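J.: Got a structure for you, input-v2.pdb, holding PDB, C-alpha atoms.
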ATOM      1  CA  MET A   1      28.002  -8.002 -11.703
ATOM      2  CA  SER A   2      28.856  -5.784  -8.757
ATOM      3  CA  THR A   3      28.066  -2.069  -8.711
ATOM      4  CA  LYS A   4      28.108   0.208  -5.719
ATOM      5  CA  PRO A   5      24.628   1.207  -4.553
ATOM      6  CA  ASN A   6      23.295   4.414  -6.048
ATOM      7  CA  PRO A   7      21.425   6.406  -3.373
ATOM      8  CA  GLY A   8      19.329   8.019  -6.098
ATOM      9  CA  PHE A   9      17.752   4.718  -6.889
ATOM     10  CA  PHE A  10      16.385   4.313  -3.395
ATOM     11  CA  LYS A  11      14.637   7.651  -3.909
ATOM     12  CA  ARG A  12      13.326   6.635  -7.300
ATOM     13  CA  ASN A  13      12.613   3.053  -6.355
ATOM     14  CA  PRO A  14      11.150   3.232  -2.870
ATOM     15  CA  PRO A  15      10.347  -0.128  -1.285
ATOM     16  CA  ILE A  16       6.946  -1.472  -2.342
ATOM     17  CA  ALA A  17       4.530  -2.646   0.335
ATOM     18  CA  GLY A  18       4.911  -6.397   0.852
ATOM     19  CA  GLU A  19       7.985  -6.615  -1.365
ATOM     20  CA  ALA A  20      10.590  -7.313   1.327
ATOM     21  CA  GLU A  21       8.496 -10.079   2.844
ATOM     22  CA  ALA A  22       7.856 -11.588  -0.588
ATOM     23  CA  ILE A  23      11.590 -11.563  -1.325
ATOM     24  CA  GLU A  24      12.384 -13.414   1.894
ATOM     25  CA  ARG A  25       9.620 -15.948   1.280
ATOM     26  CA  ALA A  26      10.728 -16.398  -2.333
ATOM     27  CA  LYS A  27      14.265 -17.087  -1.118
ATOM     28  CA  ALA A  28      12.786 -19.920   0.914
ATOM     29  CA  GLY A  29      11.088 -21.296  -2.201
ATOM     30  CA  ASP A  30       7.531 -20.057  -1.557
ATOM     31  CA  ALA A  31       5.722 -20.209  -4.923
ATOM     32  CA  ASP A  32       3.123 -17.642  -3.885
ATOM     33  CA  ALA A  33       5.899 -15.180  -3.121
ATOM     34  CA  PHE A  34       7.282 -15.586  -6.642
ATOM     35  CA  SER A  35       3.822 -14.859  -7.970
ATOM     36  CA  LYS A  36       3.647 -11.738  -5.808
ATOM     37  CA  LEU A  37       7.037 -10.472  -7.023
ATOM     38  CA  TYR A  38       5.992 -11.095 -10.609
ATOM     39  CA  ALA A  39       2.756  -9.173 -10.099
ATOM     40  CA  LEU A  40       4.618  -6.255  -8.524
ATOM     41  CA  HIS A  41       7.273  -5.933 -11.208
ATOM     42  CA  LYS A  42       5.935  -7.445 -14.444
ATOM     43  CA  ARG A  43       4.823  -4.132 -15.971
ATOM     44  CA  ARG A  44       8.082  -2.310 -15.448
ATOM     45  CA  VAL A  45      10.217  -5.233 -16.568
ATOM     46  CA  TYR A  46       8.055  -5.845 -19.629
ATOM     47  CA  THR A  47       8.000  -2.138 -20.533
ATOM     48  CA  LEU A  48      11.778  -1.982 -20.231
ATOM     49  CA  CYS A  49      12.102  -4.994 -22.553
ATOM     50  CA  LEU A  50       9.579  -3.493 -24.966
ATOM     51  CA  ARG A  51      11.430  -0.180 -25.110
ATOM     52  CA  MET A  52      14.768  -1.869 -25.673
ATOM     53  CA  LEU A  53      13.509  -4.398 -28.222
ATOM     54  CA  GLY A  54      10.531  -2.675 -29.862
ATOM     55  CA  ASN A  55       8.794  -6.008 -30.351
ATOM     56  CA  VAL A  56       6.018  -7.540 -28.235
ATOM     57  CA  SER A  57       6.937 -11.172 -28.819
ATOM     58  CA  GLU A  58      10.629 -10.673 -28.011
ATOM     59  CA  ALA A  59       9.730  -8.462 -25.045
ATOM     60  CA  GLU A  60       7.532 -11.218 -23.598
ATOM     61  CA  ASP A  61      10.247 -13.819 -24.135
ATOM     62  CA  MET A  62      12.796 -11.625 -22.374
ATOM     63  CA  THR A  63      10.367 -10.833 -19.545
ATOM     64  CA  GLN A  64      10.002 -14.564 -19.010
ATOM     65  CA  GLU A  65      13.776 -15.031 -19.091
ATOM     66  CA  ALA A  66      14.315 -12.148 -16.701
ATOM     67  CA  PHE A  67      11.938 -13.539 -14.065
ATOM     68  CA  LEU A  68      13.268 -17.083 -14.432
ATOM     69  CA  HIS A  69      16.757 -15.668 -14.018
ATOM     70  CA  LEU A  70      15.588 -13.646 -11.029
ATOM     71  CA  PHE A  71      14.061 -16.637  -9.320
ATOM     72  CA  ARG A  72      17.164 -18.744  -9.926
ATOM     73  CA  LYS A  73      19.369 -16.049  -8.413
ATOM     74  CA  ILE A  74      17.135 -14.554  -5.772
ATOM     75  CA  ASN A  75      19.233 -15.886  -2.920
ATOM     76  CA  SER A  76      22.103 -13.737  -4.140
ATOM     77  CA  PHE A  77      20.087 -10.514  -3.678
ATOM     78  CA  ARG A  78      21.625  -8.883  -0.621
ATOM     79  CA  GLY A  79      19.765  -5.610  -0.585
ATOM     80  CA  GLU A  80      22.759  -3.477  -1.547
ATOM     81  CA  SER A  81      20.540  -1.704  -4.060
ATOM     82  CA  ALA A  82      16.778  -1.387  -4.385
ATOM     83  CA  PHE A  83      15.267  -4.680  -5.490
ATOM     84  CA  SER A  84      13.793  -3.118  -8.634
ATOM     85  CA  THR A  85      17.193  -1.612  -9.513
ATOM     86  CA  TRP A  86      18.766  -5.042  -9.157
ATOM     87  CA  LEU A  87      15.994  -6.619 -11.216
ATOM     88  CA  HIS A  88      16.205  -3.989 -13.933
ATOM     89  CA  ARG A  89      19.987  -4.305 -14.183
ATOM     90  CA  LEU A  90      19.585  -8.062 -14.490
ATOM     91  CA  THR A  91      16.936  -7.537 -17.196
ATOM     92  CA  VAL A  92      19.054  -5.044 -19.139
ATOM     93  CA  ASN A  93      22.003  -7.433 -19.119
ATOM     94  CA  LEU A  94      19.836 -10.283 -20.391
ATOM     95  CA  VAL A  95      18.359  -8.134 -23.159
ATOM     96  CA  LEU A  96      21.814  -6.924 -24.187
ATOM     97  CA  MET A  97      23.062 -10.511 -24.251
ATOM     98  CA  HIS A  98      20.084 -11.414 -26.412
ATOM     99  CA  LEU A  99      20.808  -8.534 -28.788
ATOM    100  CA  ARG A 100      24.472  -9.436 -28.993
ATOM    101  CA  LYS A 101      23.504 -12.981 -29.943
ATOM    102  CA  LYS A 102      21.398 -11.474 -32.703
ATOM    103  CA  GLY A 103      24.473  -9.585 -33.849
ATOM    104  CA  LEU A 104      23.222  -6.070 -33.219
ATOM    105  CA  GLN A 105      26.016  -3.641 -32.512
ATOM    106  CA  LEU A 106      24.493  -1.688 -29.665
ATOM    107  CA  VAL A 107      26.421   1.524 -29.694
ATOM    108  CA  SER A 108      27.786   1.595 -33.172
ATOM    109  CA  LEU A 109      31.023   3.552 -33.466
ATOM    110  CA  GLU A 110      30.111   4.444 -37.007
ATOM    111  CA  GLU A 111      26.749   5.757 -35.873
ATOM    112  CA  THR A 112      28.408   7.820 -33.157
ATOM    113  CA  ILE A 113      31.110   9.383 -35.268
ATOM    114  CA  ASN A 114      29.496   9.454 -38.666
ATOM    115  CA  PRO A 115      25.751   8.957 -38.353
ATOM    116  CA  SER A 116      23.677   8.631 -41.475
ATOM    117  CA  GLU A 117      22.012  11.851 -42.559
ATOM    118  CA  ASP A 118      18.561  10.522 -41.707
ATOM    119  CA  ASP A 119      19.473   9.257 -38.239
ATOM    120  CA  ALA A 120      21.719  11.962 -36.848
ATOM    121  CA  PRO A 121      20.379  15.142 -35.290
ATOM    122  CA  LYS A 122      20.672  18.039 -37.698
ATOM    123  CA  ARG A 123      23.568  20.421 -37.176
ATOM    124  CA  ASP A 124      21.336  23.483 -36.818
ATOM    125  CA  PHE A 125      19.843  22.159 -33.592
ATOM    126  CA  GLY A 126      20.182  25.558 -31.952
ATOM    127  CA  SER A 127      17.891  27.188 -34.472
ATOM    128  CA  ARG A 128      14.451  28.467 -33.626
ATOM    129  CA  ASP A 129      12.846  26.163 -36.216
ATOM    130  CA  ASN A 130      13.692  23.165 -34.064
ATOM    131  CA  GLN A 131      12.141  24.454 -30.849
ATOM    132  CA  LEU A 132       9.382  22.505 -29.183
ATOM    133  CA  ALA A 133       6.010  24.178 -29.265
ATOM    134  CA  GLY A 134       5.213  23.412 -25.630
ATOM    135  CA  SER A 135       5.066  20.539 -23.207
ATOM    136  CA  VAL A 136       5.519  16.944 -24.283
ATOM    137  CA  ASP A 137       2.969  14.300 -23.352
ATOM    138  CA  ARG A 138       4.211  10.832 -22.451
ATOM    139  CA  VAL A 139       2.552   8.969 -25.334
ATOM    140  CA  THR A 140       4.124  11.278 -27.898
ATOM    141  CA  LEU A 141       7.479  10.997 -26.171
ATOM    142  CA  GLU A 142       7.124   7.203 -26.085
ATOM    143  CA  ARG A 143       6.523   7.188 -29.835
ATOM    144  CA  ALA A 144       9.476   9.488 -30.448
ATOM    145  CA  VAL A 145      11.741   7.280 -28.322
ATOM    146  CA  ALA A 146      10.638   4.249 -30.354
ATOM    147  CA  ALA A 147      11.586   6.135 -33.524
ATOM    148  CA  LEU A 148      15.168   6.760 -32.349
ATOM    149  CA  PRO A 149      18.040   4.851 -33.964
ATOM    150  CA  PRO A 150      18.860   1.808 -31.741
ATOM    151  CA  GLY A 151      22.130   3.189 -30.338
ATOM    152  CA  TYR A 152      20.543   6.455 -29.296
ATOM    153  CA  ARG A 153      17.415   4.753 -27.958
ATOM    154  CA  MET A 154      19.342   2.317 -25.794
ATOM    155  CA  VAL A 155      21.351   5.015 -24.025
ATOM    156  CA  PHE A 156      18.344   7.322 -23.653
ATOM    157  CA  VAL A 157      16.195   4.581 -22.114
ATOM    158  CA  LEU A 158      18.957   3.447 -19.775
ATOM    159  CA  HIS A 159      19.922   6.955 -18.626
ATOM    160  CA  ASP A 160      16.899   9.231 -18.826
ATOM    161  CA  VAL A 161      14.137   6.683 -18.264
ATOM    162  CA  GLU A 162      15.758   3.988 -16.117
ATOM    163  CA  GLY A 163      18.133   6.297 -14.282
ATOM    164  CA  PHE A 164      21.401   4.423 -14.772
ATOM    165  CA  GLU A 165      24.627   6.432 -14.537
ATOM    166  CA  HIS A 166      26.927   6.805 -17.537
ATOM    167  CA  ASN A 167      29.594   4.611 -15.960
ATOM    168  CA  GLU A 168      27.028   1.834 -15.493
ATOM    169  CA  ILE A 169      25.795   2.236 -19.060
ATOM    170  CA  ALA A 170      29.349   2.194 -20.366
ATOM    171  CA  THR A 171      29.940  -1.102 -18.569
ATOM    172  CA  MET A 172      26.699  -2.602 -19.828
ATOM    173  CA  LEU A 173      27.176  -1.463 -23.424
ATOM    174  CA  GLU A 174      30.939  -2.037 -23.408
ATOM    175  CA  CYS A 175      31.677   1.510 -24.516
ATOM    176  CA  SER A 176      33.351   4.546 -22.923
ATOM    177  CA  THR A 177      31.488   6.912 -20.589
ATOM    178  CA  GLY A 178      32.254   9.665 -23.117
ATOM    179  CA  ASN A 179      30.523   7.652 -25.801
ATOM    180  CA  SER A 180      27.534   7.131 -23.525
ATOM    181  CA  LYS A 181      27.290  10.879 -22.830
ATOM    182  CA  SER A 182      27.662  11.714 -26.498
ATOM    183  CA  GLN A 183      24.990   9.200 -27.522
ATOM    184  CA  LEU A 184      22.616  10.552 -24.871
ATOM    185  CA  HIS A 185      23.062  14.122 -26.053
ATOM    186  CA  LYS A 186      22.485  13.136 -29.679
ATOM    187  CA  ALA A 187      19.448  11.126 -28.629
ATOM    188  CA  ARG A 188      17.918  14.158 -26.899
ATOM    189  CA  LEU A 189      18.681  16.360 -29.923
ATOM    190  CA  LYS A 190      17.113  13.801 -32.221
ATOM    191  CA  LEU A 191      14.071  13.577 -29.963
ATOM    192  CA  ARG A 192      13.709  17.348 -30.113
ATOM    193  CA  GLU A 193      13.604  17.100 -33.881
ATOM    194  CA  LEU A 194      11.115  14.237 -33.828
ATOM    195  CA  LEU A 195       8.877  15.959 -31.303
ATOM    196  CA  ARG A 196       8.641  19.022 -33.520
ATOM    197  CA  GLN A 197       6.495  16.994 -35.898
ATOM    198  CA  PRO A 198       4.609  14.539 -33.705
ATOM    199  CA  GLN A 199       2.063  13.888 -36.455
ATOM    200  CA  ASN A 200       4.817  12.061 -38.363
ATOM    201  CA  LEU A 201       5.600   9.648 -35.521
ATOM    202  CA  PRO A 202       4.328   6.113 -36.130
ATOM    203  CA  ALA A 203       2.163   4.340 -33.555
ATOM    204  CA  ILE A 204       4.121   1.745 -31.626
ATOM    205  CA  GLU A 205       3.429  -1.895 -30.910
ATOM    206  CA  GLY A 206       2.419  -2.774 -27.385
ATOM    207  CA  PHE A 207       1.830   0.711 -25.969
ATOM    208  CA  SER A 208      -1.594   2.180 -25.280
ATOM    209  CA  GLU A 209      -2.394   5.405 -27.107
ATOM    210  CA  ALA A 210      -4.854   6.352 -24.384
ATOM    211  CA  ALA A 211      -2.419   6.749 -21.501
ATOM    212  CA  ARG A 212      -1.638  10.443 -21.829
TER     213      ARG A 212
ATOM    214  CA  MET B  23      36.265  18.964 -21.064
ATOM    215  CA  LYS B  24      37.601  22.462 -21.598
ATOM    216  CA  ASP B  25      37.409  24.974 -18.759
ATOM    217  CA  ILE B  26      34.598  27.346 -19.660
ATOM    218  CA  SER B  27      34.388  29.176 -16.346
ATOM    219  CA  THR B  28      36.524  32.139 -17.445
ATOM    220  CA  ASN B  29      35.000  32.619 -20.870
ATOM    221  CA  LEU B  30      31.253  32.323 -20.524
ATOM    222  CA  ASP B  31      30.197  35.647 -22.025
ATOM    223  CA  ASN B  32      32.524  35.331 -25.022
ATOM    224  CA  MET B  33      31.487  31.796 -25.814
ATOM    225  CA  THR B  34      29.978  31.175 -29.243
ATOM    226  CA  PRO B  35      26.792  29.098 -29.619
ATOM    227  CA  ALA B  36      28.855  26.396 -31.352
ATOM    228  CA  GLU B  37      31.230  26.227 -28.383
ATOM    229  CA  PHE B  38      28.300  26.122 -26.002
ATOM    230  CA  GLU B  39      26.759  23.223 -27.909
ATOM    231  CA  GLU B  40      30.073  21.416 -27.756
ATOM    232  CA  TYR B  41      30.098  21.735 -23.951
ATOM    233  CA  LEU B  42      26.447  20.804 -23.484
ATOM    234  CA  PRO B  43      26.772  17.047 -22.829
ATOM    235  CA  GLU B  44      29.227  17.678 -20.003
ATOM    236  CA  LEU B  45      27.245  20.642 -18.699
ATOM    237  CA  PHE B  46      24.123  18.523 -18.429
ATOM    238  CA  GLU B  47      26.064  15.823 -16.640
ATOM    239  CA  ALA B  48      27.737  18.273 -14.247
ATOM    240  CA  GLY B  49      24.684  20.437 -13.635
ATOM    241  CA  GLY B  50      22.241  17.668 -12.871
ATOM    242  CA  GLY B  51      20.203  18.619 -15.921
ATOM    243  CA  LYS B  52      19.294  22.182 -14.843
ATOM    244  CA  ILE B  53      21.523  24.445 -16.867
ATOM    245  CA  SER B  54      18.670  26.890 -17.487
ATOM    246  CA  GLU B  55      18.703  27.823 -13.792
ATOM    247  CA  ASP B  56      22.483  28.196 -13.580
ATOM    248  CA  PRO B  57      23.210  31.920 -12.977
ATOM    249  CA  ARG B  58      26.563  31.606 -14.755
ATOM    250  CA  PHE B  59      24.652  31.343 -18.034
ATOM    251  CA  THR B  60      22.073  34.087 -17.488
ATOM    252  CA  GLN B  61      23.879  36.654 -19.630
ATOM    253  CA  PHE B  62      24.855  34.126 -22.278
ATOM    254  CA  PHE B  63      21.240  33.003 -22.650
ATOM    255  CA  LYS B  64      20.082  36.620 -22.944
ATOM    256  CA  THR B  65      22.376  37.186 -25.887
ATOM    257  CA  ASN B  66      21.811  33.709 -27.360
ATOM    258  CA  PRO B  67      18.090  32.945 -27.088
ATOM    259  CA  ASP B  68      18.355  29.971 -29.444
ATOM    260  CA  CYS B  69      20.784  28.325 -27.043
ATOM    261  CA  ALA B  70      18.431  29.104 -24.164
ATOM    262  CA  ALA B  71      15.574  27.457 -26.082
ATOM    263  CA  LEU B  72      17.728  24.450 -26.892
ATOM    264  CA  VAL B  73      18.608  23.950 -23.241
ATOM    265  CA  ARG B  74      15.014  24.416 -22.156
ATOM    266  CA  ASP B  75      13.798  21.833 -24.676
ATOM    267  CA  LEU B  76      16.450  19.265 -23.756
ATOM    268  CA  GLU B  77      15.625  19.740 -20.077
ATOM    269  CA  THR B  78      11.925  19.226 -20.843
ATOM    270  CA  ILE B  79      12.702  16.007 -22.705
ATOM    271  CA  ALA B  80      14.935  14.693 -19.920
ATOM    272  CA  GLU B  81      12.373  15.619 -17.277
ATOM    273  CA  GLN B  82       9.460  14.058 -19.136
ATOM    274  CA  ALA B  83      11.513  10.898 -19.737
ATOM    275  CA  LYS B  84      11.430  10.267 -15.990
ATOM    276  CA  SER B  85       7.653   9.969 -16.185
ATOM    277  CA  LEU B  86       8.032   7.033 -18.586
ATOM    278  CA  PHE B  87       9.645   5.036 -15.772
ATOM    279  CA  GLU B  88       6.414   4.776 -13.837
ATOM    280  CA  PRO B  89       3.504   2.771 -15.245
ATOM    281  CA  THR B  90       0.570   5.080 -15.928
ATOM    282  CA  GLY B  91      -1.678   3.342 -13.416
ATOM    283  CA  GLU B  92      -2.575   0.037 -11.846
ATOM    284  CA  ASP B  93      -4.690  -1.072 -14.797
ATOM    285  CA  SER B  94      -2.961   0.691 -17.650
ATOM    286  CA  GLY B  95       0.335   0.536 -19.463
ATOM    287  CA  PRO B  96       1.852  -2.363 -21.307
ATOM    288  CA  GLU B  97       1.466  -5.729 -19.663
ATOM    289  CA  PRO B  98       2.820  -9.114 -20.740
ATOM    290  CA  ALA B  99       0.361 -11.797 -21.864
ATOM    291  CA  ASP B 100      -0.914 -14.212 -19.202
ATOM    292  CA  SER B 101       0.993 -16.991 -20.949
ATOM    293  CA  VAL B 102       4.262 -15.416 -19.768
ATOM    294  CA  TRP B 103       3.467 -16.171 -16.140
ATOM    295  CA  SER B 104       2.093 -19.626 -17.039
ATOM    296  CA  ASN B 105       5.395 -20.492 -18.686
ATOM    297  CA  ILE B 106       7.377 -19.139 -15.743
ATOM    298  CA  ALA B 107       5.249 -20.995 -13.216
ATOM    299  CA  SER B 108       5.601 -24.311 -15.016
ATOM    300  CA  LYS B 109       9.367 -23.925 -15.286
ATOM    301  CA  LEU B 110       9.639 -22.924 -11.625
ATOM    302  CA  LYS B 111       8.164 -26.267 -10.600
ATOM    303  CA  ASP B 112      11.194 -27.971 -12.149
ATOM    304  CA  ALA B 113      13.824 -25.483 -10.955
ATOM    305  CA  PRO B 114      13.890 -24.238  -7.334
ATOM    306  CA  PRO B 115      15.536 -20.878  -6.534
ATOM    307  CA  GLY B 116      19.316 -21.012  -6.613
ATOM    308  CA  ASN B 117      22.283 -19.217  -5.143
ATOM    309  CA  GLU B 118      24.041 -18.017  -8.272
ATOM    310  CA  ASP B 119      25.859 -14.747  -7.559
ATOM    311  CA  GLU B 120      24.406 -11.572  -9.086
ATOM    312  CA  ASP B 121      24.140  -8.697  -6.587
TER     313      ASP B 121
END
Show this structure as structure tokens.

T.:
Amino acid sequence: MSTKPNPGFFKRNPPIAGEAEAIERAKAGDADAFSKLYALHKRRVYTLCLRMLGNVSEAEDMTQEAFLHLFRKINSFRGESAFSTWLHRLTVNLVLMHLRKKGLQLVSLEETINPSEDDAPKRDFGSRDNQLAGSVDRVTLERAVAALPPGYRMVFVLHDVEGFEHNEIATMLECSTGNSKSQLHKARLKLRELLRQPQNLPAIEGFSEAAR
Amino acid sequence: MKDISTNLDNMTPAEFEEYLPELFEAGGGKISEDPRFTQFFKTNPDCAALVRDLETIAEQAKSLFEPTGEDSGPEPADSVWSNIASKLKDAPPGNEDED
């Protein structure tokens, strides 16, 4: 796919020491360079897969697929975006393809327009009862994100965590930008609700509870 | 999106909530610091709290992007790289278009 470079991503994804050289060597087929690129990016790619899939085994399978895909296509990387942006977009597309094969409707129209009572943010989201008590630590937020309905979680991870723009998300999820914005807003409202009672959030597979 | 610029002080909380997704998108996520809403937030503290909370969530989400440290955070099993390495031996890098 072709997307114009997003300057914000160069700020958020600054070049990593040794990365450019490893990319050039990998393009020439240097096995050590592939190993270096894997070492540099495995955590982020795996975490992205884990957040999108919520399952360690599937996340590892998709991490493997993403890097195999990367290495097959590395000669087509032209540096028009940060390498990690390019890699993450490639990973997201592979995960979405995987989910589509499984038959999961990613941004369900029904969920958007008429969410189930349990899944949708409550209508009194402006009320004082829903306010957060204070700051939010990353482990608690990670658990709350994992507890989001899939459609909300996908858009939240892609926009607020990964930094994709709504037009990019709309293309990836095959929905409108308005739908992407609406899902994101509902996701944040739902997170606010979930974060009000962090003791009720389940622990999540694959993430350390110690990394606060 | 409706034009709210001429009607800020008369806006109801429900109307404000309706505009929020677009406001966040247009304001780069910092509505709480937008002087156009100072008076509205004074008279609608619940809306001010809502905005503050959603900004906190969006801001903290950015921290999830970065691994927590060199030796922490989720990491794939060693077998993932073993599988990749063995498959790479059979398939050299290609030129399929992606960028």

J.: Translate the PyMOL selection byres ((chain B and resi 83-87) around 12), as applied to the file shown, into an explicit residue set as a ChimeraX atom specification.

T.: /A:12-13,43-48,51,84-85,88,136-145,153,156-164,187-188,191,207,211-212 /B:76-82,88-91,95-96

J.: So how many Å separate atom CA of Asn105 of chain B and atom CA of Gln64 of chain A, to one decimal?

T.: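 Interatomic distance here is 7.5 Å.
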
J.: From the list B:Ser101, B:Val73, B:Asp31, B:Pro43, which residue is nearest chain A when using only C-alpha atoms?

T.: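 Once distances to chain A are computed over only C-alpha atoms, the minimum belongs to B:Pro43.
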
J.: Could you check how far atom CA of Glu174 of chain A sits from atom CA of Glu47 of chain B, in Å to one decimal?

T.: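 Here the two named atoms are 19.7 Å from each other.
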
J.: Quick one: of B:Thr60, B:Ser108, B:Asn32, B:Ser54, who's nearest to chain A, counting only C-alpha atoms?

T.: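 Using only C-alpha atoms, the shortest distance to chain A belongs to B:Ser108.
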
J.: In terms of the shortest atom-to-atom distance over only C-alpha atoms, which of A:Glu60, A:Glu24, A:Glu193, A:Glu165 is closest to chain B?

T.: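 Between A:Glu60, A:Glu24, A:Glu193, A:Glu165, the residue approaching chain B most closely is A:Glu60.
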
J.: Which protein, DNA or RNA residues are at most 10 Å from (4.4, -18.1, -14.2) in the file's coordinates when you count all atoms listed in the file, listed as a ChimeraX atom specification?

T.: /A:31,34-35,38-39,64,67-68 /B:100-111

J.: Rounded to one decimal, what separation in Å do you get between atom CA of Phe63 of chain B and atom CA of Pro35 of chain B?

T.: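 Separating atom CA of Phe63 of chain B from atom CA of Pro35 of chain B is a distance of 9.7 Å.
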
J.: Go through A:Ile23, A:Val56, A:Asp32, A:Arg89 and flag the residue nearest Ile74 of chain A, using only C-alpha atoms for the distances.

T.: A:Ile23

J.: Which residues match the PyMOL selection byres ((chain A and resi 166) around 7) in the file above, as a PyMOL selection string?

T.: chain A and resi 164-165+167-170+177+180-181

J.: Kindly list the centre and edge lengths in Å, rounded to one decimal, for the axis-aligned box that covers all listed atoms of segment 54-59 of chain B plus 4 Å on each of its six sides, as lines of an AutoDock Vina configuration file.

T.:
center_x = 22.6
center_y = 29.4
center_z = -15.5
size_x = 15.9
size_y = 13.0
size_z = 13.1

J.: Which of these residues is nearest to chain A, using only C-alpha atoms: B:Leu42, B:Lys64, B:Lys52, B:Thr34?

T.: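 Using only C-alpha atoms, the shortest distance to chain A belongs to B:Leu42.
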
J.: Measuring atom to atom with only C-alpha atoms, identify which of B:Pro98, B:Asp112, B:Ala48, B:Ile53 is nearest to Cys69 of chain B.

T.: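 Of all the options, B:Ile53 lies closest to Cys69 of chain B.
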